[in-house]
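S.K.: Just one file: final.pdb, with PDB, C-alpha atoms.
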MODEL        1
ATOM      1  CA  MET A   1      77.950-100.121-255.246
ATOM      2  CA  SER A   2      81.299-100.146-253.422
ATOM      3  CA  GLY A   3      83.834-102.763-254.535
ATOM      4  CA  MET A   4      83.425-104.825-251.358
ATOM      5  CA  ARG A   5      79.627-104.740-251.397
ATOM      6  CA  ARG A   6      79.572-105.573-255.118
ATOM      7  CA  ARG A   7      81.876-108.558-254.566
ATOM      8  CA  LYS A   8      79.647-109.741-251.697
ATOM      9  CA  PHE A   9      76.555-109.505-253.885
ATOM     10  CA  ILE A  10      78.258-111.392-256.733
ATOM     11  CA  SER A  11      79.238-114.104-254.235
ATOM     12  CA  PHE A  12      75.545-114.327-253.216
ATOM     13  CA  LEU A  13      74.696-114.916-256.867
ATOM     14  CA  GLY A  14      77.327-117.655-257.008
ATOM     15  CA  SER A  15      75.821-119.342-253.973
ATOM     16  CA  ALA A  16      72.260-118.980-255.263
ATOM     17  CA  ALA A  17      72.437-121.943-257.630
ATOM     18  CA  ALA A  18      73.967-124.057-254.861
ATOM     19  CA  SER A  19      71.176-123.042-252.498
ATOM     20  CA  ALA A  20      68.590-124.095-255.056
ATOM     21  CA  ALA A  21      70.282-127.441-255.575
ATOM     22  CA  ALA A  22      70.046-128.061-251.841
ATOM     23  CA  TRP A  23      66.230-127.889-251.962
ATOM     24  CA  PRO A  24      64.819-131.342-252.747
ATOM     25  CA  LEU A  25      61.929-131.091-255.203
ATOM     26  CA  PRO A  26      59.063-133.240-253.949
ATOM     27  CA  VAL A  27      58.440-136.182-256.291
ATOM     28  CA  SER A  28      54.677-135.698-256.246
ATOM     29  CA  ALA A  29      54.322-132.009-255.432
ATOM     30  CA  GLN A  30      50.732-131.085-254.788
ATOM     31  CA  GLN A  31      49.622-129.070-257.766
ATOM     32  CA  SER A  32      47.655-125.969-256.813
ATOM     33  CA  ALA A  33      44.335-125.625-258.593
ATOM     34  CA  MET A  34      45.548-122.169-259.661
ATOM     35  CA  PRO A  35      48.929-121.106-261.077
ATOM     36  CA  VAL A  36      51.134-119.437-258.441
ATOM     37  CA  ILE A  37      53.316-116.375-259.096
ATOM     38  CA  GLY A  38      56.269-115.691-256.804
ATOM     39  CA  PHE A  39      56.726-111.930-256.182
ATOM     40  CA  VAL A  40      60.145-111.180-254.627
ATOM     41  CA  ARG A  41      61.706-107.926-253.430
ATOM     42  CA  SER A  42      65.125-107.311-251.925
ATOM     43  CA  THR A  43      63.546-104.556-249.818
ATOM     44  CA  SER A  44      60.437-104.348-247.633
ATOM     45  CA  LEU A  45      56.977-105.053-249.054
ATOM     46  CA  ALA A  46      55.357-102.771-246.458
ATOM     47  CA  ASP A  47      56.216 -99.615-248.422
ATOM     48  CA  ALA A  48      55.691-101.214-251.846
ATOM     49  CA  THR A  49      51.903-101.627-251.656
ATOM     50  CA  HIS A  50      51.480 -99.186-254.575
ATOM     51  CA  LEU A  51      53.791-101.404-256.654
ATOM     52  CA  THR A  52      52.015-104.661-255.802
ATOM     53  CA  ALA A  53      48.699-102.913-256.570
ATOM     54  CA  ALA A  54      50.025-101.719-259.951
ATOM     55  CA  PHE A  55      51.259-105.250-260.722
ATOM     56  CA  GLY A  56      47.781-106.570-259.858
ATOM     57  CA  GLN A  57      46.217-103.973-262.166
ATOM     58  CA  GLY A  58      48.431-105.160-265.053
ATOM     59  CA  LEU A  59      47.466-108.777-264.332
ATOM     60  CA  ARG A  60      43.779-107.785-264.442
ATOM     61  CA  GLU A  61      44.320-106.095-267.806
ATOM     62  CA  ALA A  62      45.694-109.441-269.032
ATOM     63  CA  GLY A  63      42.680-111.342-267.614
ATOM     64  CA  PHE A  64      44.008-112.592-264.247
ATOM     65  CA  ILE A  65      42.686-111.720-260.781
ATOM     66  CA  ALA A  66      44.550-112.779-257.616
ATOM     67  CA  GLY A  67      42.477-115.264-255.629
ATOM     68  CA  GLN A  68      40.222-116.080-258.590
ATOM     69  CA  ASN A  69      42.387-117.574-261.334
ATOM     70  CA  VAL A  70      45.924-116.947-260.042
ATOM     71  CA  GLU A  71      47.674-116.891-256.659
ATOM     72  CA  ILE A  72      50.577-114.638-255.672
ATOM     73  CA  GLU A  73      53.168-115.632-253.044
ATOM     74  CA  TYR A  74      54.992-112.536-251.715
ATOM     75  CA  ARG A  75      58.568-112.669-250.375
ATOM     76  CA  SER A  76      60.896-109.946-249.052
ATOM     77  CA  ALA A  77      64.571-110.144-248.126
ATOM     78  CA  GLU A  78      64.078-107.038-245.905
ATOM     79  CA  ASN A  79      67.301-105.410-247.216
ATOM     80  CA  ARG A  80      69.371-108.547-246.592
ATOM     81  CA  ALA A  81      70.694-109.679-249.974
ATOM     82  CA  ASP A  82      72.030-112.927-248.451
ATOM     83  CA  ARG A  83      68.405-114.062-247.888
ATOM     84  CA  LEU A  84      67.428-113.837-251.557
ATOM     85  CA  PRO A  85      68.841-117.211-252.729
ATOM     86  CA  VAL A  86      66.850-119.082-250.052
ATOM     87  CA  LEU A  87      63.636-117.140-250.789
ATOM     88  CA  VAL A  88      63.918-117.766-254.538
ATOM     89  CA  ALA A  89      64.868-121.434-254.079
ATOM     90  CA  ASP A  90      61.816-121.905-251.838
ATOM     91  CA  LEU A  91      59.551-120.500-254.572
ATOM     92  CA  VAL A  92      61.142-122.826-257.142
ATOM     93  CA  ARG A  93      60.558-125.745-254.757
ATOM     94  CA  ARG A  94      56.898-124.710-254.489
ATOM     95  CA  GLN A  95      56.736-124.953-258.296
ATOM     96  CA  VAL A  96      55.665-121.378-258.992
ATOM     97  CA  VAL A  97      54.921-120.806-262.669
ATOM     98  CA  LEU A  98      56.610-117.399-262.722
ATOM     99  CA  ILE A  99      58.923-115.211-260.590
ATOM    100  CA  VAL A 100      58.585-111.411-260.538
ATOM    101  CA  GLY A 101      61.410-109.402-258.977
ATOM    102  CA  ASN A 102      63.326-106.140-258.732
ATOM    103  CA  THR A 103      66.955-106.035-259.966
ATOM    104  CA  PRO A 104      68.737-107.906-257.096
ATOM    105  CA  SER A 105      65.911-110.486-256.849
ATOM    106  CA  ALA A 106      65.853-111.119-260.608
ATOM    107  CA  LEU A 107      69.646-111.548-260.741
ATOM    108  CA  VAL A 108      69.412-114.198-258.015
ATOM    109  CA  ALA A 109      66.441-115.872-259.737
ATOM    110  CA  LYS A 110      68.475-116.113-262.957
ATOM    111  CA  ALA A 111      71.287-117.802-261.019
ATOM    112  CA  VAL A 112      68.845-120.220-259.354
ATOM    113  CA  THR A 113      66.697-121.334-262.293
ATOM    114  CA  THR A 114      67.025-121.529-266.069
ATOM    115  CA  THR A 115      63.500-122.895-266.531
ATOM    116  CA  VAL A 116      61.044-120.872-264.391
ATOM    117  CA  PRO A 117      60.043-117.695-266.310
ATOM    118  CA  ILE A 118      61.274-114.445-264.701
ATOM    119  CA  VAL A 119      59.731-110.987-265.143
ATOM    120  CA  PHE A 120      62.007-108.243-263.789
ATOM    121  CA  VAL A 121      61.343-104.566-263.093
ATOM    122  CA  THR A 122      64.594-102.592-263.131
ATOM    123  CA  GLY A 123      65.675 -98.963-263.048
ATOM    124  CA  SER A 124      68.842-100.035-264.807
ATOM    125  CA  ASP A 125      70.018-101.375-268.174
ATOM    126  CA  PRO A 126      69.177-105.117-268.073
ATOM    127  CA  VAL A 127      71.755-105.925-270.782
ATOM    128  CA  ILE A 128      74.631-104.338-268.815
ATOM    129  CA  ASP A 129      73.405-106.044-265.627
ATOM    130  CA  GLY A 130      73.378-109.468-267.320
ATOM    131  CA  LEU A 131      69.630-110.075-267.030
ATOM    132  CA  VAL A 132      69.209-110.436-270.824
ATOM    133  CA  PRO A 133      71.631-110.568-273.777
ATOM    134  CA  SER A 134      69.448-108.208-275.847
ATOM    135  CA  LEU A 135      66.430-105.954-275.220
ATOM    136  CA  SER A 136      64.640-107.031-278.405
ATOM    137  CA  ARG A 137      65.514-110.749-278.081
ATOM    138  CA  PRO A 138      65.814-111.747-274.391
ATOM    139  CA  GLY A 139      66.357-115.321-275.594
ATOM    140  CA  ALA A 140      66.151-117.219-272.271
ATOM    141  CA  ASN A 141      63.783-117.417-269.282
ATOM    142  CA  ALA A 142      63.838-113.692-268.325
ATOM    143  CA  THR A 143      62.231-110.538-269.667
ATOM    144  CA  GLY A 144      60.633-107.490-268.092
ATOM    145  CA  VAL A 145      60.441-103.726-267.868
ATOM    146  CA  SER A 146      63.188-101.118-267.515
ATOM    147  CA  PHE A 147      62.274 -97.670-266.202
ATOM    148  CA  LEU A 148      65.862 -96.362-266.572
ATOM    149  CA  SER A 149      65.932 -94.169-263.455
ATOM    150  CA  GLY A 150      69.736 -94.262-263.192
ATOM    151  CA  ALA A 151      70.168 -92.929-266.742
ATOM    152  CA  LEU A 152      68.501 -89.616-265.796
ATOM    153  CA  GLY A 153      71.004 -88.548-263.133
ATOM    154  CA  THR A 154      72.638 -85.808-265.225
ATOM    155  CA  LYS A 155      69.241 -84.253-266.040
ATOM    156  CA  ARG A 156      68.216 -84.390-262.362
ATOM    157  CA  LEU A 157      71.425 -82.626-261.329
ATOM    158  CA  GLU A 158      70.742 -79.899-263.909
ATOM    159  CA  LEU A 159      67.151 -79.410-262.629
ATOM    160  CA  LEU A 160      68.390 -79.225-259.016
ATOM    161  CA  ARG A 161      70.936 -76.564-259.993
ATOM    162  CA  GLN A 162      68.134 -74.564-261.671
ATOM    163  CA  LEU A 163      66.137 -74.729-258.455
ATOM    164  CA  VAL A 164      69.093 -73.960-256.152
ATOM    165  CA  PRO A 165      71.484 -71.955-258.392
ATOM    166  CA  ARG A 166      73.608 -70.711-255.472
ATOM    167  CA  ALA A 167      74.430 -74.215-254.179
ATOM    168  CA  THR A 168      78.221 -74.479-254.032
ATOM    169  CA  THR A 169      78.251 -77.983-252.505
ATOM    170  CA  ILE A 170      75.737 -80.704-253.360
ATOM    171  CA  ALA A 171      75.373 -83.796-251.154
ATOM    172  CA  VAL A 172      74.880 -87.096-253.019
ATOM    173  CA  LEU A 173      73.263 -90.009-251.161
ATOM    174  CA  VAL A 174      74.030 -93.329-252.859
ATOM    175  CA  ASP A 175      72.323 -96.733-252.607
ATOM    176  CA  PRO A 176      75.235 -99.228-252.484
ATOM    177  CA  TYR A 177      73.176-102.269-253.494
ATOM    178  CA  THR A 178      71.910-101.648-257.015
ATOM    179  CA  PRO A 179      73.908-101.517-260.269
ATOM    180  CA  GLU A 180      71.990 -98.519-261.655
ATOM    181  CA  ALA A 181      72.994 -96.436-258.604
ATOM    182  CA  ASP A 182      76.662 -97.100-259.354
ATOM    183  CA  ARG A 183      76.326 -95.930-262.955
ATOM    184  CA  GLU A 184      74.209 -92.925-261.948
ATOM    185  CA  ARG A 185      76.902 -91.844-259.487
ATOM    186  CA  LYS A 186      79.559 -91.966-262.245
ATOM    187  CA  ASP A 187      77.353 -89.919-264.617
ATOM    188  CA  VAL A 188      76.634 -87.310-261.935
ATOM    189  CA  GLN A 189      80.332 -87.103-260.971
ATOM    190  CA  ALA A 190      81.293 -86.557-264.630
ATOM    191  CA  ALA A 191      78.587 -83.886-265.098
ATOM    192  CA  ALA A 192      79.580 -82.094-261.871
ATOM    193  CA  HIS A 193      83.283 -82.201-262.806
ATOM    194  CA  ALA A 194      82.522 -80.648-266.217
ATOM    195  CA  ILE A 195      80.876 -77.594-264.609
ATOM    196  CA  GLY A 196      83.072 -77.371-261.500
ATOM    197  CA  GLN A 197      80.278 -78.394-259.101
ATOM    198  CA  GLN A 198      81.523 -79.720-255.749
ATOM    199  CA  LEU A 199      79.930 -82.968-254.519
ATOM    200  CA  ILE A 200      79.960 -84.822-251.191
ATOM    201  CA  ILE A 201      79.191 -88.482-251.963
ATOM    202  CA  VAL A 202      78.136 -90.842-249.153
ATOM    203  CA  GLU A 203      76.862 -94.434-249.441
ATOM    204  CA  ALA A 204      74.013 -95.558-247.176
ATOM    205  CA  GLY A 205      72.830 -99.152-246.987
ATOM    206  CA  SER A 206      71.030 -99.137-243.614
ATOM    207  CA  GLU A 207      68.847 -96.788-241.563
ATOM    208  CA  GLY A 208      71.832 -95.964-239.328
ATOM    209  CA  GLU A 209      74.006 -95.149-242.349
ATOM    210  CA  ILE A 210      71.320 -92.784-243.704
ATOM    211  CA  GLU A 211      71.365 -90.887-240.358
ATOM    212  CA  THR A 212      75.184 -90.774-240.424
ATOM    213  CA  ALA A 213      75.190 -89.557-244.041
ATOM    214  CA  PHE A 214      72.988 -86.570-243.162
ATOM    215  CA  ALA A 215      75.200 -85.751-240.172
ATOM    216  CA  THR A 216      78.171 -85.712-242.592
ATOM    217  CA  PHE A 217      76.279 -83.464-245.036
ATOM    218  CA  ALA A 218      75.474 -81.028-242.195
ATOM    219  CA  GLN A 219      79.046 -81.054-240.911
ATOM    220  CA  ARG A 220      80.381 -80.314-244.408
ATOM    221  CA  ARG A 221      77.719 -77.639-245.015
ATOM    222  CA  ALA A 222      76.020 -79.059-248.063
ATOM    223  CA  ASP A 223      73.600 -76.639-249.757
ATOM    224  CA  ALA A 224      71.391 -79.213-251.522
ATOM    225  CA  LEU A 225      70.829 -82.965-251.793
ATOM    226  CA  PHE A 226      70.841 -85.298-254.789
ATOM    227  CA  ALA A 227      69.257 -88.576-253.623
ATOM    228  CA  GLY A 228      70.392 -91.516-255.743
ATOM    229  CA  THR A 229      68.199 -94.127-257.344
ATOM    230  CA  GLY A 230      67.732 -97.720-256.163
ATOM    231  CA  ALA A 231      65.354 -99.994-254.277
ATOM    232  CA  PHE A 232      66.955 -99.446-250.850
ATOM    233  CA  LEU A 233      66.584 -95.650-250.770
ATOM    234  CA  ASN A 234      63.136 -95.930-252.352
ATOM    235  CA  SER A 235      62.026 -98.215-249.514
ATOM    236  CA  HIS A 236      63.419 -95.671-246.979
ATOM    237  CA  ARG A 237      61.963 -92.595-248.702
ATOM    238  CA  GLU A 238      60.067 -91.389-245.592
ATOM    239  CA  GLN A 239      63.294 -91.349-243.569
ATOM    240  CA  VAL A 240      65.281 -89.604-246.330
ATOM    241  CA  VAL A 241      62.601 -86.927-246.909
ATOM    242  CA  THR A 242      62.245 -86.317-243.131
ATOM    243  CA  LEU A 243      66.014 -85.876-242.691
ATOM    244  CA  ALA A 244      66.244 -83.565-245.720
ATOM    245  CA  ALA A 245      63.514 -81.398-244.121
ATOM    246  CA  ARG A 246      65.197 -81.467-240.711
ATOM    247  CA  HIS A 247      68.481 -80.283-242.241
ATOM    248  CA  ALA A 248      66.685 -77.797-244.562
ATOM    249  CA  LEU A 249      68.260 -79.382-247.651
ATOM    250  CA  PRO A 250      66.517 -78.746-250.992
ATOM    251  CA  ALA A 251      66.519 -82.204-252.573
ATOM    252  CA  SER A 252      66.049 -83.920-255.924
ATOM    253  CA  TYR A 253      64.737 -87.497-256.145
ATOM    254  CA  ALA A 254      64.285 -90.092-258.894
ATOM    255  CA  LEU A 255      60.693 -91.114-258.147
ATOM    256  CA  ARG A 256      57.373 -89.280-257.750
ATOM    257  CA  GLU A 257      56.797 -91.192-254.482
ATOM    258  CA  PHE A 258      59.465 -89.014-252.784
ATOM    259  CA  ALA A 259      57.756 -85.761-253.812
ATOM    260  CA  THR A 260      54.333 -86.957-252.627
ATOM    261  CA  ALA A 261      56.005 -87.905-249.307
ATOM    262  CA  GLY A 262      57.135 -84.265-248.923
ATOM    263  CA  GLY A 263      60.322 -84.204-251.007
ATOM    264  CA  LEU A 264      61.019 -80.994-252.942
ATOM    265  CA  MET A 265      61.325 -82.346-256.484
ATOM    266  CA  SER A 266      61.390 -85.599-258.434
ATOM    267  CA  TYR A 267      62.206 -86.367-262.038
ATOM    268  CA  GLY A 268      62.080 -89.803-263.571
ATOM    269  CA  THR A 269      59.989 -92.456-265.195
ATOM    270  CA  SER A 270      57.017 -93.985-263.401
ATOM    271  CA  ILE A 271      57.969 -97.071-261.367
ATOM    272  CA  THR A 272      54.231 -97.655-260.757
ATOM    273  CA  ASP A 273      53.567 -97.820-264.489
ATOM    274  CA  ALA A 274      56.561-100.163-264.869
ATOM    275  CA  TYR A 275      54.984-102.631-262.402
ATOM    276  CA  ARG A 276      51.662-102.400-264.272
ATOM    277  CA  LEU A 277      53.485-103.319-267.510
ATOM    278  CA  ALA A 278      55.186-106.214-265.657
ATOM    279  CA  GLY A 279      51.729-107.452-264.627
ATOM    280  CA  ILE A 280      50.616-107.470-268.266
ATOM    281  CA  TYR A 281      53.744-109.454-269.240
ATOM    282  CA  ALA A 282      53.130-111.917-266.381
ATOM    283  CA  GLY A 283      49.591-112.449-267.727
ATOM    284  CA  ARG A 284      50.881-113.076-271.252
ATOM    285  CA  ILE A 285      53.357-115.662-269.929
ATOM    286  CA  LEU A 286      50.562-117.349-267.929
ATOM    287  CA  LYS A 287      48.667-117.641-271.227
ATOM    288  CA  GLY A 288      51.580-119.511-272.771
ATOM    289  CA  GLU A 289      53.928-116.926-274.276
ATOM    290  CA  LYS A 290      57.656-117.404-273.608
ATOM    291  CA  PRO A 291      59.896-114.755-271.979
ATOM    292  CA  ALA A 292      62.449-115.362-274.764
ATOM    293  CA  ASP A 293      59.904-114.008-277.290
ATOM    294  CA  LEU A 294      58.818-110.932-275.278
ATOM    295  CA  PRO A 295      61.112-107.899-275.851
ATOM    296  CA  VAL A 296      62.117-105.949-272.746
ATOM    297  CA  GLN A 297      59.747-102.969-272.449
ATOM    298  CA  GLN A 298      61.010 -99.511-271.604
ATOM    299  CA  SER A 299      58.766 -97.318-269.497
ATOM    300  CA  THR A 300      58.629 -93.951-271.267
ATOM    301  CA  LYS A 301      56.268 -92.058-268.971
ATOM    302  CA  PHE A 302      58.506 -89.259-267.593
ATOM    303  CA  GLU A 303      57.336 -87.129-264.670
ATOM    304  CA  LEU A 304      58.679 -83.889-263.205
ATOM    305  CA  VAL A 305      56.960 -83.276-259.866
ATOM    306  CA  ILE A 306      57.537 -80.142-257.759
ATOM    307  CA  ASN A 307      56.282 -79.836-254.185
ATOM    308  CA  LEU A 308      55.513 -76.117-253.740
ATOM    309  CA  ARG A 309      54.619 -76.593-250.054
ATOM    310  CA  THR A 310      58.137 -77.884-249.410
ATOM    311  CA  ALA A 311      59.665 -75.088-251.525
ATOM    312  CA  LYS A 312      57.819 -72.491-249.397
ATOM    313  CA  THR A 313      58.993 -74.147-246.156
ATOM    314  CA  LEU A 314      62.581 -73.948-247.460
ATOM    315  CA  GLY A 315      62.084 -70.309-248.546
ATOM    316  CA  LEU A 316      62.742 -71.206-252.188
ATOM    317  CA  GLU A 317      61.355 -69.375-255.205
ATOM    318  CA  VAL A 318      60.634 -71.910-257.934
ATOM    319  CA  PRO A 319      61.510 -70.390-261.354
ATOM    320  CA  ASP A 320      58.517 -70.015-263.697
ATOM    321  CA  ARG A 321      60.310 -72.016-266.403
ATOM    322  CA  LEU A 322      60.542 -75.004-264.022
ATOM    323  CA  LEU A 323      56.882 -74.711-263.027
ATOM    324  CA  ALA A 324      55.955 -74.648-266.715
ATOM    325  CA  LEU A 325      57.904 -77.901-267.259
ATOM    326  CA  ALA A 326      56.321 -79.692-264.283
ATOM    327  CA  ASP A 327      53.868 -82.528-264.945
ATOM    328  CA  GLU A 328      52.527 -82.159-261.417
ATOM    329  CA  VAL A 329      52.722 -79.375-258.828
ATOM    330  CA  ILE A 330      51.879 -80.227-255.212
ATOM    331  CA  GLU A 331      50.464 -77.146-253.454
TER     332      GLU A 331
ENDMDL
END
Could I get this file's structure written as structure tokens?

M.R.:
Amino acid sequence: MSGMRRRKFISFLGSAAASAAAWPLPVSAQQSAMPVIGFVRSTSLADATHLTAAFGQGLREAGFIAGQNVEIEYRSAENRADRLPVLVADLVRRQVVLIVGNTPSALVAKAVTTTVPIVFVTGSDPVIDGLVPSLSRPGANATGVSFLSGALGTKRLELLRQLVPRATTIAVLVDPYTPEADRERKDVQAAAHAIGQQLIIVEAGSEGEIETAFATFAQRRADALFAGTGAFLNSHREQVVTLAARHALPASYALREFATAGGLMSYGTSITDAYRLAGIYAGRILKGEKPADLPVQQSTKFELVINLRTAKTLGLEVPDRLLALADEVIE
């Protein structure tokens, strides 16, 4: 996250509590017959249907079915972080029993309420981000699941170099809105510096900026693409994969969803499984357990996915040792 964008986001967090205070809680709020969960994303819900489905699966495993014994209210800030405080405050006003959110949403929820339980799903380190003081003892109203996508940047760079060994310049596309993307960038820069690998790093926080980034990569003759982690780029995966194909850039991604959308290769933990685990935690909280007593879970299901169709289109030979490592090969 650039300094200016990070400062803006922190100022949103500062205003979040004030926004919540501005919402008058109704004295005799109508109690729903069923408990209501607030599900909030900083990015679009339209391309997160697999995540909401996985969350629902986890809830079912814990004994809750949407529409039968629990309701879910969905909210999206549509990539506008300044909308999150109002969305979260509205859910608090509606007296939801629980808020589920990705990293930016959960950070805002923590600023808005100290009483409503929060279950976060993050690709980052929740202690560093300030979501919890400790993984084993969250100790307040928030807990959740970390799938640590940002921590795997160095390994992803190494796998990309194995696939495209002659790449002299690697383009790096960075999500400016999530803390894990910032740390991943620093790790990748350090790893590239150690081996003398040249990088072109460009931030993209809108559809227009993604287009501009690829124009820059083409102009500077990048040989391959390292797509950074984060909710924004994940929600724009179709656009990123399409542009990588148009510019014939062999690319590495953090999530399997990019490879199934036509991306060359992905390596990371399963975000889908992380949302399923969050659903189970939400169910346990609905049954009376406290977030403070539920240790943060770490998703340990790692996946290396290689899209052979895309490799053939790019004229790439995938080394046998990489194919042997792959958990899934798309042919």

S.K.: Tell me, as a count of residues only, which residues lie within 6 Å of range 306-322 of chain A, counting only C-alpha atoms; anything in the same chain fewer than 3 positions away does not count.

M.R.: 6

S.K.: Each residue of range 141-236 of chain A with at least one atom at most 10 Å from range 34-44 of chain A should appear once, together with its nearest atom pair and the corresponding distance in Å (one decimal); atoms considered: all atoms listed in the file; ordering: chain, then increasing residue number; output as CSV.

M.R.:
residue,atom,partner,partner_atom,distance
A:Tyr177,CA,A:Ser42,CA,9.6
A:Ala231,CA,A:Thr43,CA,6.6
A:Phe232,CA,A:Thr43,CA,6.2
A:Leu233,CA,A:Thr43,CA,9.5
A:Asn234,CA,A:Thr43,CA,9.0
A:Ser235,CA,A:Thr43,CA,6.5
A:His236,CA,A:Ser44,CA,9.2

S.K.: For a quick check of understanding, using all atoms listed in the file, which of A:Thr178, A:Ser134, A:Thr114, A:Thr49 has the smallest distance to Leu98 in chain A?

M.R.: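 Ranking A:Thr178, A:Ser134, A:Thr114, A:Thr49 by distance to Leu98 in chain A, first place goes to A:Thr114.
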
S.K.: Between A:Val112, A:Ile65, A:Leu160, A:Ala81, which has the minimum distance to Asn141 in chain A (counting all atoms listed in the file)?

M.R.: A:Val112

S.K.: Just the number, please: distance in Å from CA of Pro133 in chain A to CA of Leu107 in chain A, one decimal.

M.R.: 13.2 Å

S.K.: Starting from the PyMOL selection byres ((chain A and resi 92) around 10), expand the selection into actual residues of this file and give them as a PyMOL selection string.

M.R.: chain A and resi 20+23+25+38+86-91+93-99+109+112-113+115-116

S.K.: Expand the PyMOL selection byres ((chain A and resi 186) around 12) into the explicit residue set it covers here, and present it as a PDB file with C-alpha atoms, keeping the file's coordinate frame.

M.R.:
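Writing the result to part16.pdb gives the following:
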ATOM      1  CA  MET A   1      77.950-100.121-255.246  1.00  0.00           C
ATOM      2  CA  GLY A 150      69.736 -94.262-263.192  1.00  0.00           C
ATOM      3  CA  ALA A 151      70.168 -92.929-266.742  1.00  0.00           C
ATOM      4  CA  LEU A 152      68.501 -89.616-265.796  1.00  0.00           C
ATOM      5  CA  GLY A 153      71.004 -88.548-263.133  1.00  0.00           C
ATOM      6  CA  THR A 154      72.638 -85.808-265.225  1.00  0.00           C
ATOM      7  CA  VAL A 172      74.880 -87.096-253.019  1.00  0.00           C
ATOM      8  CA  VAL A 174      74.030 -93.329-252.859  1.00  0.00           C
ATOM      9  CA  PRO A 179      73.908-101.517-260.269  1.00  0.00           C
ATOM     10  CA  GLU A 180      71.990 -98.519-261.655  1.00  0.00           C
ATOM     11  CA  ALA A 181      72.994 -96.436-258.604  1.00  0.00           C
ATOM     12  CA  ASP A 182      76.662 -97.100-259.354  1.00  0.00           C
ATOM     13  CA  ARG A 183      76.326 -95.930-262.955  1.00  0.00           C
ATOM     14  CA  GLU A 184      74.209 -92.925-261.948  1.00  0.00           C
ATOM     15  CA  ARG A 185      76.902 -91.844-259.487  1.00  0.00           C
ATOM     16  CA  ASP A 187      77.353 -89.919-264.617  1.00  0.00           C
ATOM     17  CA  VAL A 188      76.634 -87.310-261.935  1.00  0.00           C
ATOM     18  CA  GLN A 189      80.332 -87.103-260.971  1.00  0.00           C
ATOM     19  CA  ALA A 190      81.293 -86.557-264.630  1.00  0.00           C
ATOM     20  CA  ALA A 191      78.587 -83.886-265.098  1.00  0.00           C
ATOM     21  CA  ALA A 192      79.580 -82.094-261.871  1.00  0.00           C
ATOM     22  CA  HIS A 193      83.283 -82.201-262.806  1.00  0.00           C
ATOM     23  CA  LEU A 199      79.930 -82.968-254.519  1.00  0.00           C
ATOM     24  CA  ILE A 201      79.191 -88.482-251.963  1.00  0.00           C
ATOM     25  CA  GLY A 228      70.392 -91.516-255.743  1.00  0.00           C
TER      26      GLY A 228
END

S.K.: Would you compute the box with edges along x, y and z of the file around range 73-84 of chain A, including every atom the file lists for it and 6 Å extra on each side, and give its centre and edge lengths in Å to one decimal, as lines of an AutoDock Vina configuration file?

M.R.:
center_x = 62.6
center_y = -110.5
center_z = -249.5
size_x = 30.9
size_y = 22.2
size_z = 19.1

S.K.: Mind pulling up the distance from CA of Val240 in chain A to CA of Asp175 in chain A?

M.R.: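 For CA of Asp175 in chain A relative to CA of Val240 in chain A, the distance reads 11.8 Å.
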
S.K.: Take the PyMOL selection byres ((chain A and resi 287) around 12), run it mentally on this structure, and tell me the resulting residues as a PyMOL selection string.

M.R.: chain A and resi 35+59+62-64+69-70+97-98+280-286+288-291

S.K.: Which one is closest to Val100 in chain A: A:Asp223, A:Glu207, A:Asp273, A:Glu73? Count only C-alpha atoms.

M.R.: A:Glu73

S.K.: I'd like the interatomic distance between CA of Thr143 in chain A and CA of Ala106 in chain A, to a tenth of an Å.

M.R.: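 Interatomic distance, CA of Thr143 in chain A to CA of Ala106 in chain A: 9.8 Å.
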
S.K.: Which one of A:Thr272, A:Ser76, A:Thr229, A:Gln68 sits closest to Val121 in chain A if you count all atoms listed in the file?

M.R.: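 Nearest candidate to Val121 in chain A out of A:Thr272, A:Ser76, A:Thr229, A:Gln68: A:Thr272.
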
S.K.: Please return range 219-227 of chain A, rebuilt to N, CA and C atoms, as a PDB file, in the coordinates of the input.

M.R.:
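Written out: part_23.pdb:
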ATOM      1  N   GLN A 219      77.699 -81.414-241.370  1.00  0.00           N
ATOM      2  CA  GLN A 219      79.046 -81.054-240.911  1.00  0.00           C
ATOM      3  C   GLN A 219      79.834 -80.371-242.036  1.00  0.00           C
ATOM      4  N   ARG A 220      79.630 -80.867-243.266  1.00  0.00           N
ATOM      5  CA  ARG A 220      80.381 -80.314-244.408  1.00  0.00           C
ATOM      6  C   ARG A 220      79.606 -79.224-245.153  1.00  0.00           C
ATOM      7  N   ARG A 221      78.499 -78.789-244.542  1.00  0.00           N
ATOM      8  CA  ARG A 221      77.719 -77.639-245.015  1.00  0.00           C
ATOM      9  C   ARG A 221      77.248 -77.754-246.453  1.00  0.00           C
ATOM     10  N   ALA A 222      76.615 -78.869-246.736  1.00  0.00           N
ATOM     11  CA  ALA A 222      76.020 -79.059-248.063  1.00  0.00           C
ATOM     12  C   ALA A 222      74.851 -78.091-248.236  1.00  0.00           C
ATOM     13  N   ASP A 223      74.667 -77.602-249.465  1.00  0.00           N
ATOM     14  CA  ASP A 223      73.600 -76.639-249.757  1.00  0.00           C
ATOM     15  C   ASP A 223      72.356 -77.303-250.349  1.00  0.00           C
ATOM     16  N   ALA A 224      72.508 -78.515-250.880  1.00  0.00           N
ATOM     17  CA  ALA A 224      71.391 -79.213-251.522  1.00  0.00           C
ATOM     18  C   ALA A 224      71.708 -80.704-251.520  1.00  0.00           C
ATOM     19  N   LEU A 225      70.672 -81.504-251.818  1.00  0.00           N
ATOM     20  CA  LEU A 225      70.829 -82.965-251.793  1.00  0.00           C
ATOM     21  C   LEU A 225      70.370 -83.584-253.115  1.00  0.00           C
ATOM     22  N   PHE A 226      71.199 -84.463-253.639  1.00  0.00           N
ATOM     23  CA  PHE A 226      70.841 -85.298-254.789  1.00  0.00           C
ATOM     24  C   PHE A 226      70.711 -86.723-254.240  1.00  0.00           C
ATOM     25  N   ALA A 227      69.467 -87.221-254.155  1.00  0.00           N
ATOM     26  CA  ALA A 227      69.257 -88.576-253.623  1.00  0.00           C
ATOM     27  C   ALA A 227      69.316 -89.569-254.778  1.00  0.00           C
TER      28      ALA A 227
END
